[in-house]
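The structure file run12.cif is reproduced below (mmCIF, N, CA and C atoms).
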```cif
data_target
#
loop_
_atom_site.group_PDB
_atom_site.id
_atom_site.type_symbol
_atom_site.label_atom_id
_atom_site.label_comp_id
_atom_site.auth_asym_id
_atom_site.auth_seq_id
_atom_site.Cartn_x
_atom_site.Cartn_y
_atom_site.Cartn_z
ATOM 1 N N MET A 1 -20.945 -35.064 -17.626
ATOM 2 C CA MET A 1 -21.332 -36.053 -18.611
ATOM 3 C C MET A 1 -22.612 -35.587 -19.288
ATOM 4 N N SER A 2 -22.650 -35.671 -20.588
ATOM 5 C CA SER A 2 -23.823 -35.226 -21.338
ATOM 6 C C SER A 2 -24.915 -36.296 -21.313
ATOM 7 N N GLN A 3 -26.104 -35.909 -21.745
ATOM 8 C CA GLN A 3 -27.204 -36.877 -21.815
ATOM 9 C C GLN A 3 -26.890 -37.981 -22.812
ATOM 10 N N ALA A 4 -26.188 -37.645 -23.894
ATOM 11 C CA ALA A 4 -25.804 -38.664 -24.880
ATOM 12 C C ALA A 4 -24.887 -39.696 -24.237
ATOM 13 N N ASP A 5 -23.969 -39.241 -23.381
ATOM 14 C CA ASP A 5 -23.079 -40.167 -22.681
ATOM 15 C C ASP A 5 -23.851 -41.042 -21.703
ATOM 16 N N ASP A 6 -24.835 -40.458 -21.023
ATOM 17 C CA ASP A 6 -25.663 -41.235 -20.102
ATOM 18 C C ASP A 6 -26.381 -42.362 -20.826
ATOM 19 N N HIS A 7 -26.812 -42.097 -22.033
ATOM 20 C CA HIS A 7 -27.531 -43.105 -22.822
ATOM 21 C C HIS A 7 -26.646 -44.314 -23.122
ATOM 22 N N LEU A 8 -25.340 -44.104 -23.236
ATOM 23 C CA LEU A 8 -24.415 -45.174 -23.595
ATOM 24 C C LEU A 8 -23.818 -45.881 -22.377
ATOM 25 N N ARG A 9 -24.124 -45.429 -21.188
ATOM 26 C CA ARG A 9 -23.569 -46.042 -19.980
ATOM 27 C C ARG A 9 -24.174 -47.404 -19.710
ATOM 28 N N ILE A 10 -23.341 -48.320 -19.273
ATOM 29 C CA ILE A 10 -23.809 -49.636 -18.836
ATOM 30 C C ILE A 10 -24.279 -49.472 -17.401
ATOM 31 N N THR A 11 -25.541 -49.784 -17.158
ATOM 32 C CA THR A 11 -26.087 -49.574 -15.820
ATOM 33 C C THR A 11 -26.638 -50.842 -15.174
ATOM 34 N N ASP A 12 -26.727 -51.926 -15.933
ATOM 35 C CA ASP A 12 -27.291 -53.157 -15.374
ATOM 36 C C ASP A 12 -26.615 -54.371 -16.015
ATOM 37 N N LEU A 13 -25.912 -55.132 -15.205
ATOM 38 C CA LEU A 13 -25.262 -56.352 -15.690
ATOM 39 C C LEU A 13 -25.967 -57.602 -15.175
ATOM 40 N N SER A 14 -27.122 -57.433 -14.561
ATOM 41 C CA SER A 14 -27.798 -58.564 -13.930
ATOM 42 C C SER A 14 -28.211 -59.643 -14.930
ATOM 43 N N SER A 15 -28.398 -59.281 -16.188
ATOM 44 C CA SER A 15 -28.824 -60.279 -17.166
ATOM 45 C C SER A 15 -27.646 -61.034 -17.780
ATOM 46 N N LEU A 16 -26.418 -60.620 -17.475
ATOM 47 C CA LEU A 16 -25.239 -61.288 -18.028
ATOM 48 C C LEU A 16 -24.687 -62.306 -17.043
ATOM 49 N N ASN A 17 -24.394 -63.493 -17.544
ATOM 50 C CA ASN A 17 -23.667 -64.460 -16.742
ATOM 51 C C ASN A 17 -22.352 -64.743 -17.463
ATOM 52 N N ALA A 18 -21.493 -65.526 -16.872
ATOM 53 C CA ALA A 18 -20.160 -65.757 -17.429
ATOM 54 C C ALA A 18 -20.215 -66.386 -18.821
ATOM 55 N N GLU A 19 -21.064 -67.389 -19.002
ATOM 56 C CA GLU A 19 -21.174 -68.048 -20.308
ATOM 57 C C GLU A 19 -21.710 -67.080 -21.365
ATOM 58 N N ASP A 20 -22.702 -66.283 -20.977
ATOM 59 C CA ASP A 20 -23.275 -65.296 -21.880
ATOM 60 C C ASP A 20 -22.214 -64.284 -22.315
ATOM 61 N N PHE A 21 -21.383 -63.881 -21.368
ATOM 62 C CA PHE A 21 -20.298 -62.945 -21.645
ATOM 63 C C PHE A 21 -19.345 -63.521 -22.694
ATOM 64 N N LYS A 22 -18.992 -64.787 -22.532
ATOM 65 C CA LYS A 22 -18.103 -65.455 -23.489
ATOM 66 C C LYS A 22 -18.758 -65.565 -24.861
ATOM 67 N N LEU A 23 -20.042 -65.922 -24.892
ATOM 68 C CA LEU A 23 -20.759 -66.030 -26.168
ATOM 69 C C LEU A 23 -20.815 -64.688 -26.892
ATOM 70 N N ARG A 24 -21.087 -63.614 -26.136
ATOM 71 C CA ARG A 24 -21.153 -62.287 -26.745
ATOM 72 C C ARG A 24 -19.790 -61.861 -27.283
ATOM 73 N N ASN A 25 -18.728 -62.146 -26.550
ATOM 74 C CA ASN A 25 -17.390 -61.800 -27.018
ATOM 75 C C ASN A 25 -17.016 -62.596 -28.261
ATOM 76 N N THR A 26 -17.393 -63.861 -28.299
ATOM 77 C CA THR A 26 -17.109 -64.683 -29.478
ATOM 78 C C THR A 26 -17.896 -64.175 -30.677
ATOM 79 N N LYS A 27 -19.158 -63.801 -30.455
ATOM 80 C CA LYS A 27 -19.979 -63.260 -31.541
ATOM 81 C C LYS A 27 -19.357 -61.974 -32.076
ATOM 82 N N PHE A 28 -18.878 -61.112 -31.180
ATOM 83 C CA PHE A 28 -18.214 -59.882 -31.604
ATOM 84 C C PHE A 28 -16.968 -60.209 -32.415
ATOM 85 N N LEU A 29 -16.206 -61.180 -31.953
ATOM 86 C CA LEU A 29 -14.976 -61.582 -32.636
ATOM 87 C C LEU A 29 -15.269 -62.091 -34.045
ATOM 88 N N LYS A 30 -16.378 -62.822 -34.208
ATOM 89 C CA LYS A 30 -16.761 -63.369 -35.513
ATOM 90 C C LYS A 30 -17.428 -62.335 -36.408
ATOM 91 N N GLY A 31 -17.897 -61.219 -35.830
ATOM 92 C CA GLY A 31 -18.681 -60.237 -36.570
ATOM 93 C C GLY A 31 -17.878 -59.469 -37.599
ATOM 94 N N ASP A 32 -18.591 -58.635 -38.308
ATOM 95 C CA ASP A 32 -17.979 -57.806 -39.346
ATOM 96 C C ASP A 32 -17.242 -56.601 -38.776
ATOM 97 N N THR A 33 -17.425 -56.341 -37.494
ATOM 98 C CA THR A 33 -16.805 -55.183 -36.867
ATOM 99 C C THR A 33 -15.291 -55.309 -36.899
ATOM 100 N N GLU A 34 -14.629 -54.228 -37.280
ATOM 101 C CA GLU A 34 -13.164 -54.220 -37.259
ATOM 102 C C GLU A 34 -12.702 -54.190 -35.808
ATOM 103 N N TYR A 35 -11.681 -54.915 -35.490
ATOM 104 C CA TYR A 35 -11.092 -54.883 -34.160
ATOM 105 C C TYR A 35 -9.594 -55.041 -34.308
ATOM 106 N N GLU A 36 -8.899 -54.604 -33.291
ATOM 107 C CA GLU A 36 -7.445 -54.701 -33.316
ATOM 108 C C GLU A 36 -7.024 -55.989 -32.631
ATOM 109 N N GLN A 37 -6.261 -56.786 -33.314
ATOM 110 C CA GLN A 37 -5.674 -57.976 -32.705
ATOM 111 C C GLN A 37 -4.328 -57.573 -32.137
ATOM 112 N N THR A 38 -4.026 -58.063 -30.972
ATOM 113 C CA THR A 38 -2.746 -57.734 -30.364
ATOM 114 C C THR A 38 -1.711 -58.760 -30.779
ATOM 115 N N GLY A 39 -0.592 -58.292 -31.254
ATOM 116 C CA GLY A 39 0.501 -59.187 -31.595
ATOM 117 C C GLY A 39 0.236 -60.112 -32.751
ATOM 118 N N GLY A 40 -0.692 -59.781 -33.629
ATOM 119 C CA GLY A 40 -0.972 -60.624 -34.787
ATOM 120 C C GLY A 40 -1.586 -61.962 -34.430
ATOM 121 N N GLU A 41 -2.325 -62.032 -33.324
ATOM 122 C CA GLU A 41 -2.942 -63.294 -32.901
ATOM 123 C C GLU A 41 -4.031 -63.736 -33.877
ATOM 124 N N SER A 42 -4.151 -65.015 -34.043
ATOM 125 C CA SER A 42 -5.168 -65.572 -34.927
ATOM 126 C C SER A 42 -6.541 -65.568 -34.243
ATOM 127 N N PHE A 43 -7.564 -65.740 -35.060
ATOM 128 C CA PHE A 43 -8.924 -65.867 -34.537
ATOM 129 C C PHE A 43 -8.992 -67.004 -33.518
ATOM 130 N N GLU A 44 -8.384 -68.140 -33.850
ATOM 131 C CA GLU A 44 -8.426 -69.306 -32.967
ATOM 132 C C GLU A 44 -7.782 -69.004 -31.615
ATOM 133 N N SER A 45 -6.664 -68.291 -31.643
ATOM 134 C CA SER A 45 -5.977 -67.942 -30.405
ATOM 135 C C SER A 45 -6.830 -67.013 -29.542
ATOM 136 N N LEU A 46 -7.429 -66.010 -30.169
ATOM 137 C CA LEU A 46 -8.273 -65.083 -29.421
ATOM 138 C C LEU A 46 -9.515 -65.784 -28.875
ATOM 139 N N ARG A 47 -10.114 -66.665 -29.674
ATOM 140 C CA ARG A 47 -11.282 -67.414 -29.209
ATOM 141 C C ARG A 47 -10.905 -68.293 -28.024
ATOM 142 N N HIS A 48 -9.745 -68.928 -28.095
ATOM 143 C CA HIS A 48 -9.286 -69.758 -26.983
ATOM 144 C C HIS A 48 -9.126 -68.922 -25.710
ATOM 145 N N GLN A 49 -8.578 -67.728 -25.843
ATOM 146 C CA GLN A 49 -8.401 -66.861 -24.675
ATOM 147 C C GLN A 49 -9.736 -66.503 -24.037
ATOM 148 N N ILE A 50 -10.735 -66.262 -24.870
ATOM 149 C CA ILE A 50 -12.076 -65.959 -24.348
ATOM 150 C C ILE A 50 -12.600 -67.139 -23.544
ATOM 151 N N TRP A 51 -12.542 -68.338 -24.133
ATOM 152 C CA TRP A 51 -13.153 -69.504 -23.505
ATOM 153 C C TRP A 51 -12.302 -70.123 -22.404
ATOM 154 N N ALA A 52 -11.010 -69.787 -22.334
ATOM 155 C CA ALA A 52 -10.144 -70.309 -21.272
ATOM 156 C C ALA A 52 -10.289 -69.510 -19.977
ATOM 157 N N THR A 53 -10.940 -68.359 -20.059
ATOM 158 C CA THR A 53 -11.148 -67.540 -18.867
ATOM 159 C C THR A 53 -12.119 -68.257 -17.933
ATOM 160 N N ARG A 54 -11.737 -68.341 -16.676
ATOM 161 C CA ARG A 54 -12.578 -69.048 -15.701
ATOM 162 C C ARG A 54 -13.879 -68.306 -15.446
ATOM 163 N N ASN A 55 -14.978 -69.050 -15.372
ATOM 164 C CA ASN A 55 -16.285 -68.449 -15.114
ATOM 165 C C ASN A 55 -16.304 -67.682 -13.800
ATOM 166 N N GLY A 56 -15.642 -68.211 -12.784
ATOM 167 C CA GLY A 56 -15.593 -67.524 -11.490
ATOM 168 C C GLY A 56 -14.924 -66.165 -11.585
ATOM 169 N N ASP A 57 -13.876 -66.070 -12.403
ATOM 170 C CA ASP A 57 -13.208 -64.783 -12.599
ATOM 171 C C ASP A 57 -14.138 -63.789 -13.280
ATOM 172 N N LEU A 58 -14.872 -64.250 -14.290
ATOM 173 C CA LEU A 58 -15.825 -63.367 -14.970
ATOM 174 C C LEU A 58 -16.954 -62.944 -14.042
ATOM 175 N N ARG A 59 -17.469 -63.866 -13.237
ATOM 176 C CA ARG A 59 -18.540 -63.523 -12.293
ATOM 177 C C ARG A 59 -18.063 -62.458 -11.308
ATOM 178 N N ARG A 60 -16.811 -62.583 -10.847
ATOM 179 C CA ARG A 60 -16.265 -61.597 -9.900
ATOM 180 C C ARG A 60 -16.177 -60.224 -10.562
ATOM 181 N N VAL A 61 -15.671 -60.170 -11.793
ATOM 182 C CA VAL A 61 -15.555 -58.898 -12.506
ATOM 183 C C VAL A 61 -16.942 -58.289 -12.736
ATOM 184 N N LEU A 62 -17.888 -59.108 -13.178
ATOM 185 C CA LEU A 62 -19.244 -58.607 -13.419
ATOM 186 C C LEU A 62 -19.889 -58.090 -12.125
ATOM 187 N N SER A 63 -19.664 -58.771 -11.018
ATOM 188 C CA SER A 63 -20.280 -58.344 -9.748
ATOM 189 C C SER A 63 -19.612 -57.101 -9.186
ATOM 190 N N GLN A 64 -18.338 -56.871 -9.512
ATOM 191 C CA GLN A 64 -17.621 -55.706 -8.985
ATOM 192 C C GLN A 64 -17.573 -54.546 -9.977
ATOM 193 N N PHE A 65 -18.231 -54.698 -11.119
ATOM 194 C CA PHE A 65 -18.201 -53.669 -12.158
ATOM 195 C C PHE A 65 -18.824 -52.380 -11.611
ATOM 196 N N PRO A 66 -18.093 -51.261 -11.720
ATOM 197 C CA PRO A 66 -18.647 -49.996 -11.194
ATOM 198 C C PRO A 66 -19.789 -49.488 -12.062
ATOM 199 N N MET A 67 -20.849 -49.085 -11.426
ATOM 200 C CA MET A 67 -22.020 -48.569 -12.152
ATOM 201 C C MET A 67 -22.079 -47.063 -12.014
#
```
Represent the structure of the file as structure tokens.
Amino acid sequence: MSQADDHLRITDLSSLNAEDFKLRNTKFLKGDTEYEQTGGESFESLRHQIWATRNGDLRRVLSQFPM
């Protein structure tokens, strides 16, 4: 792995909680950044999927994320 790759690595998730994760994903979804929607899903459908995810499931993923 190059030094440039090291700079882009996620190394600390301690500041993220489940609600924060959902807010960041929603902000990304609303942003100007191009993204691929799967199956022609609407913004509302994708936003619902973000917010319907259980906080406990997100906390588990964040705590088990490989560093």
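Excluding segment 14-17 of chain A itself and any same-chain residue fewer than 2 positions from it, the protein and nucleic acid residues within 12 Å of it, counting only C-alpha atoms, are Ile10, Thr11, Asp12, Glu19, Asp20, Phe21, Lys22, Leu23, Arg24, Asn25, Asn55, Gly56, Asp57, Leu58, Arg59, Arg60, Val61, Leu62, Ser63, Gln64, Phe65 and Met67 of chain A.
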Exercise for the section: To one decimal in Å, tell me the separation between atom C of Leu46 of chain A and atom N of Arg9 of chain A. Expected result: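 Going from atom C of Leu46 of chain A over to atom N of Arg9 of chain A covers 26.2 Å.
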Exercise for the section: Could you please determine the separation between atom CA of Leu13 of chain A and atom C of Arg54 of chain A in Å, to one decimal place? Expected result: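 Separation between atom CA of Leu13 of chain A and atom C of Arg54 of chain A: 16.5 Å.
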Problem - One-decimal distance in Å that lies between atom CA of Ala52 of chain A and atom CA of Gly31 of chain A - result: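 Computing the Euclidean distance for atom CA of Gly31 of chain A and atom CA of Ala52 of chain A yields 20.2 Å.
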Would you mind completing segment 18-29 of chain A so that it carries all heavy atoms, and writing it out as a short mmCIF file (atom, residue, chain, number, x, y, z; two decimals), keeping the file's coordinate frame?
```cif
data_model
loop_
_atom_site.label_atom_id
_atom_site.label_comp_id
_atom_site.auth_asym_id
_atom_site.auth_seq_id
_atom_site.Cartn_x
_atom_site.Cartn_y
_atom_site.Cartn_z
N ALA A 18 -21.49 -65.53 -16.87
CA ALA A 18 -20.16 -65.76 -17.43
C ALA A 18 -20.22 -66.39 -18.82
O ALA A 18 -19.50 -65.96 -19.73
CB ALA A 18 -19.34 -66.62 -16.48
N GLU A 19 -21.06 -67.39 -19.00
CA GLU A 19 -21.17 -68.05 -20.31
C GLU A 19 -21.71 -67.08 -21.36
O GLU A 19 -21.24 -67.06 -22.50
CB GLU A 19 -22.07 -69.28 -20.22
CG GLU A 19 -21.48 -70.41 -19.41
CD GLU A 19 -20.27 -71.06 -20.07
OE1 GLU A 19 -20.29 -71.23 -21.30
OE2 GLU A 19 -19.32 -71.38 -19.35
N ASP A 20 -22.70 -66.28 -20.98
CA ASP A 20 -23.28 -65.30 -21.88
C ASP A 20 -22.21 -64.28 -22.32
O ASP A 20 -22.15 -63.89 -23.47
CB ASP A 20 -24.43 -64.58 -21.18
CG ASP A 20 -25.42 -63.95 -22.12
OD1 ASP A 20 -25.53 -64.43 -23.27
OD2 ASP A 20 -26.09 -62.99 -21.71
N PHE A 21 -21.38 -63.88 -21.37
CA PHE A 21 -20.30 -62.94 -21.64
C PHE A 21 -19.34 -63.52 -22.69
O PHE A 21 -18.95 -62.85 -23.64
CB PHE A 21 -19.56 -62.65 -20.33
CG PHE A 21 -18.66 -61.46 -20.38
CD1 PHE A 21 -19.16 -60.18 -20.26
CD2 PHE A 21 -17.29 -61.63 -20.52
CE1 PHE A 21 -18.31 -59.08 -20.29
CE2 PHE A 21 -16.44 -60.55 -20.56
CZ PHE A 21 -16.96 -59.26 -20.45
N LYS A 22 -18.99 -64.79 -22.53
CA LYS A 22 -18.10 -65.46 -23.49
C LYS A 22 -18.76 -65.56 -24.86
O LYS A 22 -18.12 -65.33 -25.89
CB LYS A 22 -17.72 -66.85 -22.98
CG LYS A 22 -16.81 -66.82 -21.77
CD LYS A 22 -16.54 -68.23 -21.29
CE LYS A 22 -15.73 -68.26 -20.04
NZ LYS A 22 -15.44 -69.63 -19.61
N LEU A 23 -20.04 -65.92 -24.89
CA LEU A 23 -20.76 -66.03 -26.17
C LEU A 23 -20.82 -64.69 -26.89
O LEU A 23 -20.61 -64.62 -28.10
CB LEU A 23 -22.17 -66.56 -25.94
CG LEU A 23 -22.27 -68.04 -25.59
CD1 LEU A 23 -23.69 -68.38 -25.13
CD2 LEU A 23 -21.87 -68.90 -26.76
N ARG A 24 -21.09 -63.61 -26.14
CA ARG A 24 -21.15 -62.29 -26.74
C ARG A 24 -19.79 -61.86 -27.28
O ARG A 24 -19.70 -61.26 -28.36
CB ARG A 24 -21.68 -61.26 -25.74
CG ARG A 24 -23.15 -61.43 -25.45
CD ARG A 24 -23.59 -60.54 -24.30
NE ARG A 24 -24.93 -60.82 -23.92
CZ ARG A 24 -25.95 -60.01 -24.18
NH1 ARG A 24 -25.77 -58.89 -24.82
NH2 ARG A 24 -27.16 -60.34 -23.78
N ASN A 25 -18.73 -62.15 -26.55
CA ASN A 25 -17.39 -61.80 -27.02
C ASN A 25 -17.02 -62.60 -28.26
O ASN A 25 -16.40 -62.06 -29.19
CB ASN A 25 -16.35 -62.01 -25.92
CG ASN A 25 -16.32 -60.87 -24.94
OD1 ASN A 25 -16.71 -59.76 -25.25
ND2 ASN A 25 -15.85 -61.13 -23.74
N THR A 26 -17.39 -63.86 -28.30
CA THR A 26 -17.11 -64.68 -29.48
C THR A 26 -17.90 -64.18 -30.68
O THR A 26 -17.37 -64.10 -31.79
CB THR A 26 -17.44 -66.16 -29.20
OG1 THR A 26 -16.68 -66.60 -28.08
CG2 THR A 26 -17.13 -67.03 -30.39
N LYS A 27 -19.16 -63.80 -30.46
CA LYS A 27 -19.98 -63.26 -31.54
C LYS A 27 -19.36 -61.97 -32.08
O LYS A 27 -19.30 -61.76 -33.29
CB LYS A 27 -21.40 -63.01 -31.05
CG LYS A 27 -22.34 -62.57 -32.13
CD LYS A 27 -23.76 -62.44 -31.61
CE LYS A 27 -24.67 -61.99 -32.72
NZ LYS A 27 -26.06 -61.88 -32.28
N PHE A 28 -18.88 -61.11 -31.18
CA PHE A 28 -18.21 -59.88 -31.60
C PHE A 28 -16.97 -60.21 -32.42
O PHE A 28 -16.71 -59.61 -33.45
CB PHE A 28 -17.84 -59.03 -30.38
CG PHE A 28 -17.01 -57.83 -30.73
CD1 PHE A 28 -17.61 -56.70 -31.26
CD2 PHE A 28 -15.65 -57.83 -30.53
CE1 PHE A 28 -16.85 -55.59 -31.58
CE2 PHE A 28 -14.87 -56.73 -30.85
CZ PHE A 28 -15.48 -55.60 -31.38
N LEU A 29 -16.21 -61.18 -31.95
CA LEU A 29 -14.98 -61.58 -32.64
C LEU A 29 -15.27 -62.09 -34.04
O LEU A 29 -14.53 -61.81 -34.98
CB LEU A 29 -14.27 -62.67 -31.81
CG LEU A 29 -12.91 -63.15 -32.27
CD1 LEU A 29 -11.91 -62.00 -32.27
CD2 LEU A 29 -12.42 -64.27 -31.38
#
```
